[in-house]
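The block underneath contains the structure these notes are about, expressed in structure tokens.
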Amino acid sequence: MKSWDAIIIGGGIIGLSLAISLRKQGLRVLIVERGEPGREASHAAAGMLAGSGLEIPPALRPLAEESARLYPEFVHELEDESGIKVDLRDQGTILISHEGKFPEKAEPLSLSQMQSLEPQLKTASDGRGRPSPHGQIGAAFLNERSVDPRALTAAAIKAAKHSGVDISSGTEVKKVSVEDGRVAAVETDKTSYAAPMVVNCAGAWAGCIGPERFPVKPIKGQMLAVVAGPGLKHIIRSEKVYLVPRSDGRIVIGSTLEDAGYDKRVEADAIEKLFQAATDLVPGLTASRQHEAWAGLRPGTADELPILGETSTAGYFVASGHYRDGILLAPITARVMTETILGKPCAQDLTAFSPSRFKS
Ligand SMILES: Cc1cc2nc3c(=O)[nH]c(=O)nc-3n(C[C@H](O)[C@H](O)[C@H](O)COP(=O)(O)OP(=O)(O)OC[C@H]3O[C@@H](n4cnc5c(N)ncnc54)[C@H](O)[C@@H]3O)c2cc1C
């Protein structure tokens, strides 16, 4: 049986980033991917790097902020090694809130500031010079980046191969074999691959693979992309919808949050509602052309925190459950998991993310 130092189950952005990082430390790494690498949640994401957003649970903020800080270097290395541009944009986010709730780091925007930043936004004054677009009561600016997740995963696949990571595509892991209480191999639908360390990076499917089960469940997200004439410069986020511009003129509009099992069907009425909410904010989009609609499955957990660390089976690790933030969290996940796997001290406190927290 052919063997590696570490086997990674799942070739999404989490598995790919970790594989590259472990390879840099000299490990021989194999990614075993059921389908094509980078075609599940990592293909479906909007790509907001919202490290300081209100949606980030407090326990996750230190990790999220550190990952956002690491992003330019992470992207630079992937672009360099792959020759693929990943459209890292840093024009920032305009937040629009019905409830007037903004993250600490957001700077309030006046009506004229908002109009000059993004003339396409529908605006109305609340009478005191504050923006009130379409009845919303406030706007603020947040210094956040975005990336094109499809380009990012394409770059990560190429960089991984370039650095000597082996990838077995179209190969489903059926079982993780344990000998004398330690991980020994993964059994696939075709063969077995041996390694003393196995990392479960199977996204929304991470809970389906033994020897230990984790409560990861799929949370469906439907999205669409339009091609708009004048386009947008900034990410726009309200409580109802977000709009993420790409440099090629596309605007990605999302997203639903649905507990619908492993169903990835796209529903016309969900897409229509998202489009309607987007045109309420940016009326010029009514003239845009729908380019694509799709759905993906976020790896959700009950406490909305990722699962990061070694399990009670020696040599068996998990890096999954990144829910709405796996694109953002890829660089920090690769770093802390590499440290954990190599037994090095970790600068981040990972207690809240321990795989053992679900055991009663
Ligand atoms: C609509 C939507 C919008 C999003 N927007 C954002 C955003 O703006 N910003 C952000 O940071 N995050 C966002 N996310 C979340 C982000 O996409 C995920 O958290 C992230 O992609 C998870 O990456 P992953 O590698 O864990 O999972 P995946 O990309 O799903 O990869 C898991 C891989 O494991 C493989 N696999 C599963 N089971 C097996 C098996 N038994 N054997 C072998 N391989 C297996 C799968 O085929 C898959 O390729 C969004 C997600 C969705 C759905």
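Every chain in the structure tokens has a letter given in the order shown (A, B, ...), and although residue numbers restart at 1 in each chain, ligands are simply numbered from 1 in the order shown.
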Practice task
Please identify all polymer residues within 6 Å of Met223 in chain A, counting only C-alpha atoms, omitting same-chain residues fewer than 4 positions from it, and present them as a PyMOL selection string.
Solution key: chain A and resi 253-255+293-294
Those same residues, written as a PDB file, in the first residue's frame with all heavy atoms?
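Output saved as part06.pdb:
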```pdb
ATOM      1  N   ILE A 253     -24.917  38.140  -5.858  1.00  0.00           N
ATOM      2  CA  ILE A 253     -25.987  38.556  -4.949  1.00  0.00           C
ATOM      3  C   ILE A 253     -26.417  37.360  -4.109  1.00  0.00           C
ATOM      4  O   ILE A 253     -26.735  36.294  -4.633  1.00  0.00           O
ATOM      5  CB  ILE A 253     -27.196  39.083  -5.765  1.00  0.00           C
ATOM      6  CG1 ILE A 253     -26.773  40.292  -6.624  1.00  0.00           C
ATOM      7  CG2 ILE A 253     -28.356  39.459  -4.833  1.00  0.00           C
ATOM      8  CD1 ILE A 253     -27.815  40.731  -7.637  1.00  0.00           C
ATOM      9  N   GLY A 254     -26.368  37.508  -2.780  1.00  0.00           N
ATOM     10  CA  GLY A 254     -26.728  36.372  -1.935  1.00  0.00           C
ATOM     11  C   GLY A 254     -27.385  36.809  -0.646  1.00  0.00           C
ATOM     12  O   GLY A 254     -27.474  37.975  -0.362  1.00  0.00           O
ATOM     13  N   SER A 255     -27.761  35.921   0.118  1.00  0.00           N
ATOM     14  CA  SER A 255     -27.850  34.497  -0.100  1.00  0.00           C
ATOM     15  C   SER A 255     -28.912  33.971   0.844  1.00  0.00           C
ATOM     16  O   SER A 255     -29.201  34.596   1.867  1.00  0.00           O
ATOM     17  CB  SER A 255     -26.492  33.850   0.196  1.00  0.00           C
ATOM     18  OG  SER A 255     -26.626  32.460   0.279  1.00  0.00           O
ATOM     19  N   ALA A 293     -27.148  31.277 -11.643  1.00  0.00           N
ATOM     20  CA  ALA A 293     -27.704  31.078 -10.294  1.00  0.00           C
ATOM     21  C   ALA A 293     -27.227  29.715  -9.814  1.00  0.00           C
ATOM     22  O   ALA A 293     -27.094  28.785 -10.614  1.00  0.00           O
ATOM     23  CB  ALA A 293     -29.226  31.130 -10.322  1.00  0.00           C
ATOM     24  N   TRP A 294     -26.952  29.592  -8.509  1.00  0.00           N
ATOM     25  CA  TRP A 294     -26.425  28.320  -8.003  1.00  0.00           C
ATOM     26  C   TRP A 294     -26.742  28.177  -6.520  1.00  0.00           C
ATOM     27  O   TRP A 294     -27.223  29.121  -5.883  1.00  0.00           O
ATOM     28  CB  TRP A 294     -24.911  28.231  -8.240  1.00  0.00           C
ATOM     29  CG  TRP A 294     -24.090  29.205  -7.461  1.00  0.00           C
ATOM     30  CD1 TRP A 294     -23.530  29.013  -6.232  1.00  0.00           C
ATOM     31  CD2 TRP A 294     -23.706  30.526  -7.856  1.00  0.00           C
ATOM     32  NE1 TRP A 294     -22.825  30.136  -5.844  1.00  0.00           N
ATOM     33  CE2 TRP A 294     -22.933  31.082  -6.818  1.00  0.00           C
ATOM     34  CE3 TRP A 294     -23.969  31.318  -9.002  1.00  0.00           C
ATOM     35  CZ2 TRP A 294     -22.395  32.366  -6.879  1.00  0.00           C
ATOM     36  CZ3 TRP A 294     -23.441  32.602  -9.046  1.00  0.00           C
ATOM     37  CH2 TRP A 294     -22.670  33.107  -7.991  1.00  0.00           C
TER      38      TRP A 294
END
```
For range 173-252 of chain A versus range 142-157 of chain A, which residues have an atom no more than 10 Å away, and what is each residue's nearest atom pair and distance in Å rounded to one decimal, using only C-alpha atoms, chain-then-number order, as CSV?
```
residue,atom,partner,partner_atom,distance
A:His234,CA,A:Arg145,CA,9.4
A:Ile235,CA,A:Ser146,CA,8.0
A:Val244,CA,A:Ser146,CA,7.7
A:Pro245,CA,A:Ser146,CA,8.7
A:Arg246,CA,A:Asp148,CA,7.2
A:Ser247,CA,A:Asp148,CA,9.3
A:Val252,CA,A:Asp148,CA,9.9
```
Problem - DSSP helix (DSSP H, G or I) residues within range 47-172 of chain A, listed as a PyMOL selection string - result: chain A and resi 58-82+111-117+133-135+149-163
Practice task
Counting only C-alpha atoms and all ligand atoms, name the residues that have an atom within 7 Å of an atom of ligand 1; the answer should be given as a ChimeraX atom specification.
Solution key: /A:9-15,32-50,171-174,201-206,209,220-223,254-255,295-299,320-329
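Take CA of Lys2 in chain A and CA of Pro355 in chain A: the distance between them is 28.8 Å.
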